[in-house]
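*Asks:* My questions will all concern the structure given below.
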Amino acid sequence: MSRLSVIGQRLLHLIPVLIGISVISFLLVKLSPGDPIRMLLGDRATEEAVSMVRERYGLDRPLLEQYLVYIGNLLQGDLGRSIRYRLPVGELILDFLPRTLFLVLYVMCLSVPATVLLAIAAARNQGGWIDQSIRVLSVCGMTIPVFWLAVMLSRFFGVELGWFPVSGYGETFIEHLHHLFLPAVSTAVWLVPLLVRNLRAAILEQMEADYVTASRSKGLPEGYIFRRHIFLNSVLPTLHLLGVMVAFLIGSSVVVEIVYAVPGLGALMISSVIGRDYYVVQGLTLVYALGTVLVTLTVDVISTLVDPRVKL
Amino acid sequence: MSDEPAAFASMSRKVPFEIALGAAILAAWVILAIGAPVFAGADPNAIDLLAILQPPSLNHPFGTDHLGRDVFARVVFGARIDVWMGVAGVLPPLVIGVTVGLFSGYFGGLLDTVMMRLVDITVAFPFFILVIAIVGMLGPGLGNYFIALALVAWVSYARLIRAEVVVLKNAEYIQAARALGYHPLYIVLRHVLPNAISPIVVYAMSDAVLVILAGASLGFLGLGAQPPTAEWGVMIADGQPYVIDAWWICFFPGLAAVTLGLGFLLVSDGLAHALKVTS
């Protein structure tokens with residue numbers, strides 16, 4: 001099967017998932033005990049106004065029809081309106097998106113090199129003290145609550161030492177890097193251990209493969225075998241895990257944004273949940289899911305391009 | 001000793017240390033949680049405005065918070081909630097997921113297709129975001145957190161056990177059981193389940209860490225356990241405004257969460273080694 005048709009099949013597989021995502025985010029608002037339209041318009045709204053909006057969003061019709069109206073609005077880019085901001089939800093999300101995107105990319109830029117270095121160090125000294133200490137540290141990293149680490153880091157490096165700002169986002173690119181350093185580190189401390197464990201195991205597995213013995217018997221230098229064969233073959237599973245982790249990364253970015261008062265999607269999500277701004281929560285959940293799907297898709301496509309053996 | 005099988009000997013020598021340490025930590029937390037009134041030495045919600053923000057001392061080993069409440073007592077009582085989260089948050093998704101995965105994997109067909117589609121769709125959402133969204137819609141509170149978990153977290157278990165079952169159902173002894181005419185339900189429960197359960201046990205232990213951390217995060221965000229409940233996440237949120245002068249209010253609940261998580265993770269890791277479960 002050619003790579004293109006593999007990718008084509010993967011895209012086809014996407015359709016039911018996208019429909020499912022829209023169904024779930026549609027049903028989400030149905031979970032709430034209150035009447036979202038009443039909340040949208042406030043207490044002083046007249047009955048006519050309420051029923052007018054109800055009609056506009058199709059809320060007076062059967063559930064299936066309501067869903068079709070919702071899908072229709074989605075396809076036109078209408079995610080509903082925010083109660084508190086009095087803005088279209090789509091606009092609001094686009095407004096808050098860049099900071100979260102910046103934070104997520106920042107975490108990746110910190111995590112990936114650290115992961116590669118630590119995993120190689122651990123795998124090449126398997127069982128030695130470097131391996132053991134990396135293992136102990138990574139177990140600790142996985143159990144540390146991200147928000148707690150964020151609070152403690154902001155107190156120590158932000159307030160005590162004054163090296164980094166403890167809130168906000170800054171104006172310029174350099175300021176963004178400076179402002180988001182502690183938030184990014186707090187998240188990376190949790191992410192890196194997971195990736196290191198995975199990459200280390202993959203490297204160790206590849207080290208025992210037959211082709212390594214074959215390369216050795218040809219007399220190739222160890223360093224060359226490691227760089228050209230072992231490492232390249234170990235990267236794929238970790239790349240895959242990284243794709244999965246982005247979803248978790250987005251999750252932990254929520255608490256970090258709250259601790260450091262970064263006005264990103266996570267902060268918007270929490271304030272909307274607390275303010276019962278239903279359509280913002282619904283729209284955000286949808287956008288988060290679409291983002292995750294996009295990332296997994298990208299990782300899958302890259303895997304196919306890198307390694308023709310990959311079957312999706 | 002010397003005539004023991006090699007695998008067994010290595011298990012009794014190497015593995016148990018990890019599991020023993022983890023289990024000891026877990027046992028200590030469970031005992032602390034159950035005996036909280038005895039160990040705490042103070043009422044976790046007793047406000048003492050004459051003794052606010054006091055640093056750790058003999059009287060208050062972990063100091064006091066902004067209302068003069070004893071942080072040590074609150075950490076100990078908090079264990080009741082956070083240990084409970086690790087149980088009540090993990091078991092329902094585990095039971096739902098194992099049931100779904102077991103049957104859809106063994107019987108296949110339409111049930112399998114539908115269930116696995118549902119799994120695909122659910123994992124498309126970032127776990128924590130979907131939990132926040134569901135809790136947000138239902139209303140803040142620990143009960144709704146457990147409902148959200150039951151709705152979302154079962155998919156990992158279903159996926160995991162299904163992968164095992166699909167391989168197992170073609171094993172010779174399962175085929176033999178089928179040839180002997182045993183009832184499918186009997187085969188699934190008596191033969192397939194016990195052989196497919198090890199990865200589930202290992203995963204459940206590490207899942208507990210995730211559930212506790214997510215639950216504490218919700219508490220911190222004001223969406224989980226509600227103040228004045230002594231819950232570690234809530235305590236960290238309470239202490240955050242005072243963290244510059246009174247670090248101990250935030251520090252100790254976090255440390256408690258780390259040690260509890262460590263207990264689960266050590267057991268999970270040790271079991272993975274002992275049961276030879278990969279990934």
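FYI, nothing fancy with the structure tokens labels: chains A, B, ... in order, residues from 1 per chain, ligands from 1 as they appear.
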Residues of chain A were defined as contacting chain B if any atom lay at most 6 Å from it, counting only C-alpha atoms; please report them as JSON, numbers by chain.

*Replies:* {"A": [17, 20, 31, 32, 143, 144, 145, 148, 247, 251, 273, 289, 293]}

*Asks:* List the neighbours of Gly141 (chain A) out to 12 Å using only C-alpha atoms; skip same-chain residues closer than 4 positions along the sequence, and give me the result as a list of chain:residue names.

*Replies:*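 With the cut-off at 12 Å, the set is A:Ile134, A:Arg135, A:Val136, A:Leu137, A:Pro145, A:Val146, A:Leu149, A:Val185, A:Ser186, A:Thr187, A:Ala188, A:Val189, A:Trp190, A:Leu191, A:Val192, A:Pro193, A:Leu194, A:Leu195, A:Val196, A:Arg197, B:Val209, B:Val258, B:Thr259, B:Gly261, B:Leu262, B:Leu265.
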
*Asks:* Near Leu151 (chain B), within 9 Å and counting only C-alpha atoms, which residues show up once chain neighbours fewer than 4 positions away are dropped, as a PyMOL selection string?

*Replies:* chain B and resi 93+131+146-147+155

*Asks:* Any idea what's packed within 9 Å of Leu265 (chain A), counting only C-alpha atoms, ignoring anything in its chain fewer than 6 positions away? Could you give it as a ChimeraX atom specification?

*Replies:* /A:93,95-101,253-254,257,284

*Asks:* How about saving the chosen residues, C-alpha atoms kept, as an mmCIF file, in the first residue's frame?

*Replies:*
```cif
data_model
loop_
_atom_site.group_PDB
_atom_site.id
_atom_site.type_symbol
_atom_site.label_atom_id
_atom_site.label_comp_id
_atom_site.auth_asym_id
_atom_site.auth_seq_id
_atom_site.Cartn_x
_atom_site.Cartn_y
_atom_site.Cartn_z
ATOM 1 C CA ILE A 93 -11.233 31.739 21.600
ATOM 2 C CA ASP A 95 -8.283 36.048 21.155
ATOM 3 C CA PHE A 96 -7.016 33.785 23.958
ATOM 4 C CA LEU A 97 -5.488 31.086 21.762
ATOM 5 C CA PRO A 98 -2.013 32.544 20.997
ATOM 6 C CA ARG A 99 -0.828 32.532 24.638
ATOM 7 C CA THR A 100 -1.748 28.898 25.171
ATOM 8 C CA LEU A 101 -0.184 27.939 21.847
ATOM 9 C CA SER A 253 -1.615 24.091 30.948
ATOM 10 C CA VAL A 254 -4.996 24.956 32.468
ATOM 11 C CA GLU A 257 -2.271 29.407 33.425
ATOM 12 C CA LEU A 284 -13.565 25.473 24.108
#
```

*Asks:* Tell me, as a ChimeraX atom specification, which residues lie within 10 Å of region 63-79 of chain A, counting only C-alpha atoms; anything in the same chain fewer than 3 positions away does not count.

*Replies:* /A:19,22-23,26-27,30,55-60,82,88-91,93,279-280,282-284,286-287

*Asks:* Counting only C-alpha atoms, what is within 8 Å of region 206-220 of chain A, bar same-chain residues fewer than 6 positions away, as a PDB file with N, CA and C atoms, in the first residue's frame?

*Replies:*
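selection-v3.pdb, written as the output of this step:
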```pdb
ATOM      1  N   HIS A 229      21.439   3.827  13.864  1.00  0.00           N
ATOM      2  CA  HIS A 229      20.464   2.732  13.880  1.00  0.00           C
ATOM      3  C   HIS A 229      19.578   2.722  15.112  1.00  0.00           C
ATOM      4  N   ILE A 230      20.211   2.578  16.256  1.00  0.00           N
ATOM      5  CA  ILE A 230      19.410   2.401  17.472  1.00  0.00           C
ATOM      6  C   ILE A 230      18.509   3.595  17.725  1.00  0.00           C
ATOM      7  N   ASN A 233      15.581   4.269  15.310  1.00  0.00           N
ATOM      8  CA  ASN A 233      14.497   3.298  15.446  1.00  0.00           C
ATOM      9  C   ASN A 233      13.724   3.467  16.747  1.00  0.00           C
ATOM     10  N   SER A 234      14.335   4.132  17.718  1.00  0.00           N
ATOM     11  CA  SER A 234      13.660   4.283  19.018  1.00  0.00           C
ATOM     12  C   SER A 234      12.756   5.500  19.059  1.00  0.00           C
TER      13      SER A 234
END
```

*Asks:* Rank nothing, just name the residue among A:Leu161, A:Leu41, A:Leu204, A:Leu290 nearest to Gly127 (chain A), using only C-alpha atoms.

*Replies:*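 Closest residue, counting only C-alpha atoms: A:Leu204.
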
*Asks:* Mind giving me the straight-line distance from CA of Leu168 (chain B) to CA of Leu193 (chain B) in Å, one decimal?

*Replies:*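 CA of Leu168 (chain B) sits 9.6 Å away from CA of Leu193 (chain B).
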
*Asks:* Interatomic distance between CA of Ile270 (chain A) and CA of Leu91 (chain B)?

*Replies:*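 Result for CA of Ile270 (chain A) versus CA of Leu91 (chain B): 27.2 Å, one decimal.
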
*Asks:* Between CA of Leu103 (chain A) and CA of Gly86 (chain B), what distance in Å does the model show, to one decimal?

*Replies:*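 About the pair CA of Leu103 (chain A) and CA of Gly86 (chain B): they are 29.8 Å apart.
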